[in-house]
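For reference, run-v5.txt (compact mmCIF, C-alpha atoms and all ligand atoms):
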# COMPACT_ATOMS: atom_id res chain seq x y z
CA MET A 1 -26.31 23.99 0.71
CA ALA A 2 -25.61 20.33 0.38
CA ARG A 3 -28.86 18.52 0.77
CA GLU A 4 -29.74 16.07 3.47
CA PHE A 5 -28.87 12.45 2.95
CA ARG A 6 -31.67 10.03 2.64
CA PHE A 7 -30.31 7.61 5.17
CA GLY A 8 -33.35 5.40 4.91
CA ASP A 9 -32.73 4.52 1.29
CA TRP A 10 -29.40 2.89 1.10
CA ARG A 11 -30.48 -0.64 1.83
CA LYS A 12 -32.47 -0.66 -1.39
CA ASN A 13 -29.35 0.07 -3.38
CA LEU A 14 -27.15 -2.84 -2.54
CA ASN A 15 -26.50 -3.73 -6.14
CA SER A 16 -26.24 -0.30 -7.66
CA PHE A 17 -22.50 0.25 -7.30
CA ARG A 18 -21.61 -0.41 -10.91
CA LEU A 19 -21.93 3.07 -12.26
CA ASP A 20 -20.64 4.77 -15.35
CA ALA A 21 -16.85 4.82 -14.85
CA ASN A 22 -16.87 8.49 -15.76
CA ALA A 23 -19.43 9.36 -13.12
CA PRO A 24 -17.86 12.03 -10.92
CA GLY A 25 -17.56 10.84 -7.38
CA VAL A 26 -15.30 9.31 -4.78
CA VAL A 27 -15.16 5.90 -3.17
CA ALA A 28 -14.44 5.72 0.53
CA THR A 29 -13.23 2.30 1.60
CA ILE A 30 -13.85 1.82 5.29
CA TYR A 31 -12.12 -0.90 7.26
CA PHE A 32 -13.51 -1.76 10.69
CA LYS A 33 -11.07 -3.03 13.25
CA LYS A 34 -13.58 -3.87 15.94
CA PRO A 35 -15.39 -7.14 15.32
CA GLN A 36 -19.11 -6.58 14.95
CA THR A 37 -21.77 -7.36 12.45
CA ILE A 38 -22.06 -5.01 9.56
CA SER A 39 -25.64 -4.11 10.40
CA GLN A 40 -24.70 -3.30 14.00
CA TRP A 41 -21.97 -1.05 12.76
CA LEU A 42 -24.07 0.67 10.16
CA ASP A 43 -26.90 1.32 12.57
CA ALA A 44 -24.51 2.89 15.04
CA ASN A 45 -22.09 4.74 12.85
CA ASP A 46 -23.13 5.36 9.31
CA ARG A 47 -24.24 8.89 10.03
CA THR A 48 -20.96 9.77 11.68
CA VAL A 49 -18.74 8.44 8.92
CA VAL A 50 -20.78 9.78 6.07
CA ALA A 51 -21.25 13.14 7.78
CA THR A 52 -17.54 13.52 8.31
CA LEU A 53 -16.67 12.58 4.76
CA THR A 54 -19.36 14.91 3.51
CA GLY A 55 -17.86 17.67 5.60
CA VAL A 56 -14.56 17.05 3.91
CA PHE A 57 -15.77 17.07 0.37
CA VAL A 58 -18.63 19.50 0.53
CA SER A 59 -16.37 22.17 1.94
CA GLN A 60 -14.70 22.72 -1.40
CA ASP A 61 -17.85 24.27 -2.83
CA PRO A 62 -20.84 24.11 -0.53
CA GLU A 63 -23.07 26.04 -2.92
CA THR A 64 -22.88 23.70 -5.87
CA THR A 65 -21.73 20.31 -4.61
CA THR A 66 -24.54 17.87 -4.26
CA TRP A 67 -24.33 14.60 -2.50
CA ASP A 68 -26.03 11.35 -2.32
CA GLN A 69 -25.02 7.99 -1.09
CA GLN A 70 -25.41 4.51 -2.35
CA TRP A 71 -24.51 1.48 -0.42
CA PRO A 72 -22.69 -0.91 -2.63
CA ASP A 73 -22.60 -4.58 -3.27
CA HIS A 74 -19.40 -4.60 -1.26
CA ILE A 75 -21.02 -5.02 2.10
CA ARG A 76 -19.40 -8.11 3.46
CA SER A 77 -16.88 -9.41 5.91
CA GLY A 78 -13.27 -8.58 5.27
CA PRO A 79 -10.30 -10.73 6.23
CA LEU A 80 -9.88 -9.26 9.69
CA GLY A 81 -13.06 -7.39 10.25
CA SER A 82 -15.44 -5.79 7.88
CA VAL A 83 -15.04 -3.57 4.87
CA VAL A 84 -17.51 -1.26 3.18
CA ASN A 85 -17.09 0.85 0.09
CA ILE A 86 -19.23 3.95 -0.03
CA TYR A 87 -19.81 5.80 -3.24
CA LEU A 88 -20.23 9.54 -2.83
CA PRO A 89 -21.15 11.44 -6.00
CA THR A 90 -19.53 14.83 -6.44
CA SER A 91 -20.48 17.64 -8.77
CA SER A 92 -17.16 17.40 -10.58
CA ALA A 93 -14.46 14.78 -10.71
CA ALA A 94 -11.73 14.94 -8.08
CA THR A 95 -8.21 13.62 -8.68
CA LEU A 96 -6.44 11.41 -6.17
CA ALA A 97 -4.23 14.37 -5.25
CA GLU A 98 -7.29 16.51 -4.62
CA CYS A 99 -8.79 13.78 -2.43
CA HIS A 100 -5.53 13.68 -0.48
CA ASP A 101 -5.43 17.44 -0.01
CA LEU A 102 -9.05 17.64 1.11
CA LEU A 103 -8.54 14.84 3.60
CA ALA A 104 -5.32 16.45 4.84
CA ALA A 105 -7.13 19.73 5.40
CA HIS A 106 -9.55 17.85 7.66
CA SER A 107 -7.01 15.50 9.17
CA ILE A 108 -7.94 16.22 12.79
CA ALA A 109 -11.61 15.38 12.26
CA LEU A 110 -10.72 12.29 10.29
CA GLU A 111 -8.09 11.04 12.71
CA THR A 112 -10.54 11.52 15.57
CA LEU A 113 -13.20 9.60 13.69
CA GLN A 114 -10.83 6.80 12.83
CA SER A 115 -9.51 6.38 16.35
CA GLU A 116 -12.88 6.74 18.11
CA LEU A 117 -14.67 4.26 15.86
CA GLU A 118 -11.61 2.06 15.34
CA LEU A 119 -11.63 2.20 11.59
CA GLU A 120 -9.50 3.22 8.63
CA VAL A 121 -10.82 5.25 5.74
CA VAL A 122 -9.23 5.45 2.29
CA VAL A 123 -10.72 7.79 -0.29
CA GLN A 124 -10.05 7.74 -4.02
CA PRO A 125 -11.78 8.93 -7.20
CA TYR A 126 -14.47 6.53 -8.36
CA SER A 127 -12.98 6.51 -11.87
CA LEU A 128 -9.69 5.19 -10.51
CA PHE A 129 -11.42 2.55 -8.40
CA ALA A 130 -13.46 1.44 -11.41
CA THR A 131 -10.36 1.32 -13.64
CA HIS A 132 -8.55 -0.98 -11.23
CA ARG A 133 -11.66 -3.08 -10.71
CA ASP A 134 -12.26 -3.57 -14.42
CA SER A 135 -8.76 -3.77 -15.96
CA PRO A 136 -5.72 -5.68 -14.73
CA GLY A 137 -2.62 -3.59 -14.18
CA LEU A 138 0.76 -3.60 -12.50
CA ALA A 139 1.33 -3.76 -8.74
CA VAL A 140 4.76 -2.91 -7.33
CA PHE A 141 5.80 -3.42 -3.73
CA ASP A 142 8.59 -2.32 -1.47
CA MET A 143 10.10 -5.30 0.35
CA ASP A 144 11.41 -4.41 3.82
CA SER A 145 8.55 -3.78 6.27
CA THR A 146 6.09 -4.10 3.38
CA LEU A 147 6.13 -7.61 1.86
CA ILE A 148 8.27 -8.86 4.75
CA GLN A 149 8.13 -7.74 8.36
CA GLN A 150 11.85 -7.08 8.78
CA GLU A 151 14.43 -4.52 7.67
CA VAL A 152 17.01 -6.83 6.11
CA ILE A 153 20.06 -4.63 6.57
CA ASP A 154 19.27 -4.29 10.27
CA GLU A 155 18.96 -8.05 10.63
CA LEU A 156 22.25 -8.61 8.78
CA ALA A 157 23.98 -6.10 11.04
CA ARG A 158 22.42 -7.64 14.13
CA ALA A 159 23.71 -11.05 13.07
CA ILE A 160 27.29 -9.75 13.17
CA GLY A 161 26.93 -7.51 16.20
CA ARG A 162 27.12 -4.24 14.24
CA TYR A 163 23.52 -3.14 14.55
CA ASP A 164 24.31 0.11 16.38
CA GLU A 165 26.79 1.22 13.71
CA VAL A 166 24.39 0.49 10.86
CA ALA A 167 21.51 2.14 12.69
CA ALA A 168 23.62 5.26 13.30
CA ILE A 169 24.22 5.63 9.55
CA THR A 170 20.56 5.02 8.78
CA GLU A 171 19.56 7.74 11.24
CA ALA A 172 22.20 10.19 10.00
CA ALA A 173 20.94 9.60 6.46
CA MET A 174 17.36 10.21 7.56
CA ARG A 175 18.48 13.51 9.10
CA GLY A 176 20.24 14.39 5.84
CA GLU A 177 23.68 14.62 7.44
CA ALA A 178 26.86 14.61 5.33
CA PRO A 179 28.28 12.39 3.96
CA TYR A 180 25.00 10.45 3.85
CA THR A 181 22.95 13.03 2.04
CA ASP A 182 22.02 10.63 -0.71
CA PHE A 183 20.77 7.07 -0.50
CA GLU A 184 23.68 5.63 -2.44
CA ALA A 185 26.27 7.08 -0.07
CA SER A 186 24.49 5.77 3.01
CA LEU A 187 23.87 2.41 1.35
CA ARG A 188 27.56 2.02 0.49
CA ALA A 189 28.56 2.99 4.03
CA ARG A 190 26.21 0.45 5.54
CA VAL A 191 27.20 -2.25 3.07
CA ALA A 192 30.87 -1.68 3.99
CA LEU A 193 30.00 -2.67 7.55
CA LEU A 194 28.79 -6.05 6.25
CA LYS A 195 32.28 -7.08 5.11
CA GLY A 196 33.03 -10.58 6.32
CA VAL A 197 29.44 -11.70 6.83
CA PRO A 198 29.24 -15.38 5.74
CA ILE A 199 26.99 -15.79 2.73
CA SER A 200 25.26 -18.66 4.51
CA ILE A 201 23.48 -15.82 6.32
CA TRP A 202 20.90 -15.70 3.53
CA GLU A 203 19.76 -19.26 4.18
CA ASP A 204 19.77 -18.60 7.92
CA MET A 205 17.63 -15.53 7.45
CA LYS A 206 15.13 -17.24 5.16
CA ARG A 207 14.76 -20.05 7.67
CA ASP A 208 14.86 -18.22 11.00
CA VAL A 209 14.35 -14.49 10.60
CA ILE A 210 12.32 -13.37 7.62
CA THR A 211 8.55 -13.52 7.87
CA LEU A 212 6.17 -12.55 5.12
CA THR A 213 3.70 -9.85 6.08
CA PRO A 214 0.27 -11.37 6.79
CA GLY A 215 -1.87 -11.18 3.68
CA ALA A 216 1.08 -10.76 1.29
CA ARG A 217 0.70 -14.25 -0.14
CA GLU A 218 -3.07 -13.86 -0.47
CA LEU A 219 -2.92 -10.41 -2.04
CA VAL A 220 -0.46 -11.55 -4.70
CA LYS A 221 -2.60 -14.59 -5.42
CA VAL A 222 -5.66 -12.38 -5.87
CA LEU A 223 -3.77 -9.96 -8.12
CA ARG A 224 -2.42 -12.78 -10.28
CA ALA A 225 -5.85 -14.39 -10.56
CA ARG A 226 -7.13 -11.06 -11.86
CA GLY A 227 -4.34 -10.84 -14.44
CA TRP A 228 -2.14 -8.27 -12.74
CA LYS A 229 1.63 -8.12 -13.14
CA THR A 230 3.51 -7.91 -9.86
CA ALA A 231 6.97 -6.79 -8.78
CA VAL A 232 9.12 -6.19 -5.72
CA LEU A 233 11.29 -3.06 -5.94
CA SER A 234 13.64 -3.23 -2.99
CA GLY A 235 16.37 -1.03 -1.59
CA GLY A 236 17.52 -4.28 0.07
CA PHE A 237 19.45 -7.11 -1.52
CA THR A 238 18.89 -9.56 -4.36
CA PRO A 239 19.29 -12.87 -2.47
CA LEU A 240 16.22 -12.07 -0.40
CA ALA A 241 14.25 -10.10 -3.00
CA THR A 242 14.46 -12.96 -5.50
CA TRP A 243 13.50 -15.42 -2.78
CA VAL A 244 10.50 -13.32 -1.73
CA ALA A 245 9.48 -13.04 -5.38
CA ALA A 246 9.66 -16.82 -5.79
CA GLU A 247 7.76 -17.44 -2.54
CA LEU A 248 4.97 -15.09 -3.54
CA GLY A 249 4.96 -15.76 -7.28
CA LEU A 250 5.88 -12.21 -8.28
CA ASP A 251 6.75 -11.53 -11.91
CA TYR A 252 9.74 -9.28 -11.20
CA ALA A 253 12.31 -8.61 -8.49
CA PHE A 254 14.75 -5.70 -8.37
CA ALA A 255 17.17 -5.03 -5.52
CA ASN A 256 20.80 -4.20 -4.84
CA HIS A 257 23.61 -6.62 -5.63
CA LEU A 258 26.28 -7.42 -3.03
CA VAL A 259 29.74 -8.68 -3.97
CA GLU A 260 30.47 -12.12 -2.54
CA ASP A 261 33.98 -13.51 -2.13
CA PRO A 262 33.84 -17.10 -3.43
CA GLU A 263 37.02 -18.08 -1.56
CA SER A 264 35.99 -17.14 1.94
CA LYS A 265 32.27 -17.38 1.18
CA THR A 266 31.71 -14.02 2.80
CA LEU A 267 30.37 -10.64 1.75
CA LYS A 268 33.00 -8.17 0.58
CA GLY A 269 31.19 -5.14 1.91
CA GLU A 270 30.72 -3.73 -1.59
CA LEU A 271 28.01 -3.34 -4.20
CA VAL A 272 28.54 -4.97 -7.60
CA GLU A 273 29.79 -2.23 -9.91
CA GLY A 274 27.64 -1.53 -12.94
CA LYS A 275 24.50 -3.08 -11.46
CA LEU A 276 21.53 -0.89 -10.76
CA ILE A 277 21.18 0.70 -7.34
CA VAL A 278 17.59 0.73 -6.17
CA HIS A 279 16.93 4.12 -4.59
CA ALA A 280 13.84 6.28 -4.63
CA GLN A 281 14.30 7.53 -8.20
CA LYS A 282 15.11 4.01 -9.44
CA LYS A 283 11.91 2.65 -7.91
CA LEU A 284 10.00 5.28 -9.85
CA ASP A 285 11.94 4.51 -13.04
CA LEU A 286 11.28 0.78 -12.64
CA LEU A 287 7.57 1.36 -12.08
CA ARG A 288 7.40 3.30 -15.35
CA GLN A 289 9.62 0.82 -17.19
CA LEU A 290 7.63 -2.24 -16.12
CA ALA A 291 4.36 -0.50 -16.96
CA GLY A 292 5.72 0.40 -20.39
CA ASP A 293 7.10 -3.09 -21.01
CA ASN A 294 3.65 -4.55 -20.30
CA ASP A 295 1.70 -1.88 -22.20
CA ILE A 296 -0.01 -0.84 -18.99
CA PRO A 297 -0.90 2.86 -18.65
CA ILE A 298 0.51 4.36 -15.46
CA GLU A 299 -3.01 4.98 -14.15
CA ARG A 300 -3.51 1.21 -14.01
CA THR A 301 -0.65 0.74 -11.56
CA ILE A 302 -0.60 0.53 -7.80
CA ALA A 303 2.44 0.95 -5.56
CA VAL A 304 2.69 -0.08 -1.91
CA GLY A 305 5.47 0.89 0.47
CA ASP A 306 6.31 2.22 3.92
CA GLY A 307 9.48 4.30 3.59
CA SER A 308 10.48 7.72 2.34
CA ASN A 309 12.34 6.11 -0.55
CA ASP A 310 8.95 4.79 -1.71
CA LEU A 311 7.32 8.20 -1.97
CA LEU A 312 8.27 8.90 -5.59
CA MET A 313 6.77 5.62 -6.81
CA LEU A 314 3.73 6.02 -4.56
CA GLY A 315 3.16 9.49 -6.00
CA ALA A 316 3.52 8.37 -9.62
CA ALA A 317 1.43 5.19 -9.52
CA GLY A 318 -2.27 5.31 -10.29
CA LEU A 319 -2.86 4.46 -6.64
CA GLY A 320 -0.01 4.80 -4.16
CA VAL A 321 -0.63 3.28 -0.74
CA ALA A 322 1.54 3.91 2.30
CA PHE A 323 0.97 0.67 4.21
CA ASN A 324 1.79 0.74 7.95
CA ALA A 325 4.22 3.49 7.03
CA LYS A 326 6.36 5.92 8.96
CA SER A 327 4.23 8.92 9.94
CA LYS A 328 6.05 11.29 7.58
CA VAL A 329 5.37 8.89 4.72
CA GLN A 330 1.71 8.50 5.73
CA LYS A 331 1.25 12.25 5.44
CA ALA A 332 3.05 12.63 2.13
CA ALA A 333 1.70 9.57 0.29
CA PRO A 334 -1.44 9.79 -1.87
CA THR A 335 -3.25 7.32 0.41
CA LYS A 336 -2.41 5.49 3.60
CA LEU A 337 -3.70 2.31 5.16
CA ASN A 338 -2.79 0.87 8.54
CA GLY A 339 -3.83 -2.67 9.24
CA ASP A 340 -2.88 -6.22 9.99
CA SER A 341 -3.17 -7.69 6.51
CA LEU A 342 -1.85 -6.67 3.11
CA LEU A 343 -4.90 -8.39 1.65
CA ASP A 344 -6.84 -5.26 2.69
CA ILE A 345 -5.31 -3.60 -0.38
CA ALA A 346 -7.49 -5.84 -2.59
CA TYR A 347 -10.58 -3.88 -1.54
CA LEU A 348 -9.03 -0.68 -2.88
CA ILE A 349 -8.96 -2.11 -6.39
CA GLY A 350 -12.57 -3.16 -6.39
CA CYS A 351 -12.34 -6.75 -5.21
CA THR A 352 -15.33 -8.09 -3.35
CA ARG A 353 -15.11 -10.70 -0.65
CA ARG A 354 -16.49 -13.16 -3.19
CA ASP A 355 -13.75 -12.25 -5.71
CA ILE A 356 -11.12 -12.80 -3.05
CA ASP A 357 -12.53 -16.12 -1.90
CA ALA A 358 -12.72 -17.35 -5.51
CA ALA A 359 -9.14 -16.31 -6.21
CA LEU A 360 -7.82 -17.92 -3.06
CA ALA A 361 -9.68 -21.16 -3.77
CA GLY A 362 -8.07 -21.36 -7.21
CA PRO A 363 -4.75 -23.00 -8.16
MG MG B 401 10.33 -0.52 3.45
Show me the file's structure as structure tokens.
Ligand SMILES: [Mg+2]
Amino acid sequence: MAREFRFGDWRKNLNSFRLDANAPGVVATIYFKKPQTISQWLDANDRTVVATLTGVFVSQDPETTTWDQQWPDHIRSGPLGSVVNIYLPTSSAATLAECHDLLAAHSIALETLQSELELEVVVQPYSLFATHRDSPGLAVFDMDSTLIQQEVIDELARAIGRYDEVAAITEAAMRGEAPYTDFEASLRARVALLKGVPISIWEDMKRDVITLTPGARELVKVLRARGWKTAVLSGGFTPLATWVAAELGLDYAFANHLVEDPESKTLKGELVEGKLIVHAQKKLDLLRQLAGDNDIPIERTIAVGDGSNDLLMLGAAGLGVAFNAKSKVQKAAPTKLNGDSLLDIAYLIGCTRRDIDAALAGP
């Protein structure tokens, strides 16, 4: 039997979170959506959260798994509420995939907990958390509905009154209907509908339409201050991906290239031949290539995205986070996080509130 928690002890252990990186255990990062003081929340809910998580992880081997809890130095206010990291020792090390599978097997209990207490829980191996906390790595991001709040191709289509046609192709592709069974075919079909769009549309969109996701600027600033390399890997288009990269200070931008007609200053409705096409496999390839180019082991990478074409890179990165993702993607991705600010991701790589404040106060 797993032994009882000593709930009275945790307050003594506020500074004991720096453990041996090889210590077997998991870190649960808990985001509270309801404003309240941390001590109010802990008094009311710590038993519920810890008991549920214990139920998840103990169930794999109730005879031998032993548990304890330590409350970390991470107790603090987050950007939009409060965040706590809980360290839960396990008898043997769990991989991120094992964490995912255990949580999935208890998804009803967890979803109930999260909705009733208005919180989000992300669980990962402690070794991974410690790696990202202690060593800078590579962070790659999807663009549409991840770094920015729009789907660019939809906005382009809307601007020329062809939204319904583009959306129909997108939906057919999502259902896997011929001839849109692969991303490239559906991309080319949608791009063809953009023939004649004036290229001034990019400036219009930057000025009037595109909004950065809250916390995107801050997260990238924190990552850069900690020495991370950053990239946007977008199934959208280069004029906006390179602009987003410049706005945020990303190191790399990859996206699809559209042919422009210099005479009429309009889009030709075609992709530039010979240029890369950024689909799901290409996002994965680029993640590996950028990691290799920077001598960063794949474990020290994180990937953030919301769409099914992000799943390969999310699965291959050290930590893949489905952020405000489609429900299918939330289920399939290694971890998921729903929230109002991308800066919440910083807590998953071991940043404290103090780290974040220091990074944001810097140049
Ligand atoms: Mg997206």
Handout entry: Close residues, stretch 201-217 of chain A itself excluded, 10 Å, all atoms listed in the file, min 3 positions apart in chain, as a PyMOL selection string
Key = chain A and resi 79+143-152+155-156+159-160+197-198+220-222+239-240+243-244+247-250+266-267+339-346+360
Using all atoms of stretch 213-216 of chain A that appear in the file, construct an axis-aligned enclosing box with 6 Å of padding on every side and provide its centre coordinates and edge lengths in Å, rounded to one decimal, as AutoDock Vina command-line options.
--center_x 0.9 --center_y -10.6 --center_z 4.0 --size_x 17.6 --size_y 13.5 --size_z 17.5
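Shell of A:Ala139 at 7 Å, with all atoms listed in the file counted and residues fewer than 4 places along the chain excluded, is Trp228, Lys229, Thr230, Ala231, Thr301, Ile302 and Ala303 of chain A.
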Practice task
Do a neighbour search on A:Leu271 at 12 Å with only C-alpha atoms, toss out local chain neighbours closer than 6 positions, and write the hits as a VMD selection string.
Solution key: chain A and resid 184 to 185 187 to 195 236 to 238 255 to 261 277 to 278
Handout entry: For atom CA of A:Phe141 and atom CA of A:Leu233, the interatomic separation in Å (one decimal)
Key =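 If I compute the distance from atom CA of A:Phe141 to atom CA of A:Leu233, I get 5.9 Å.
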Practice task
Rank A:Arg158, A:Lys331, A:Lys283, A:Lys275 by their smallest atom-to-atom distance to ligand MG 401 (chain B), using all atoms listed in the file, and report the top residue only.
Solution key: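 For ligand MG 401 (chain B), the nearest of the candidates is A:Lys283.
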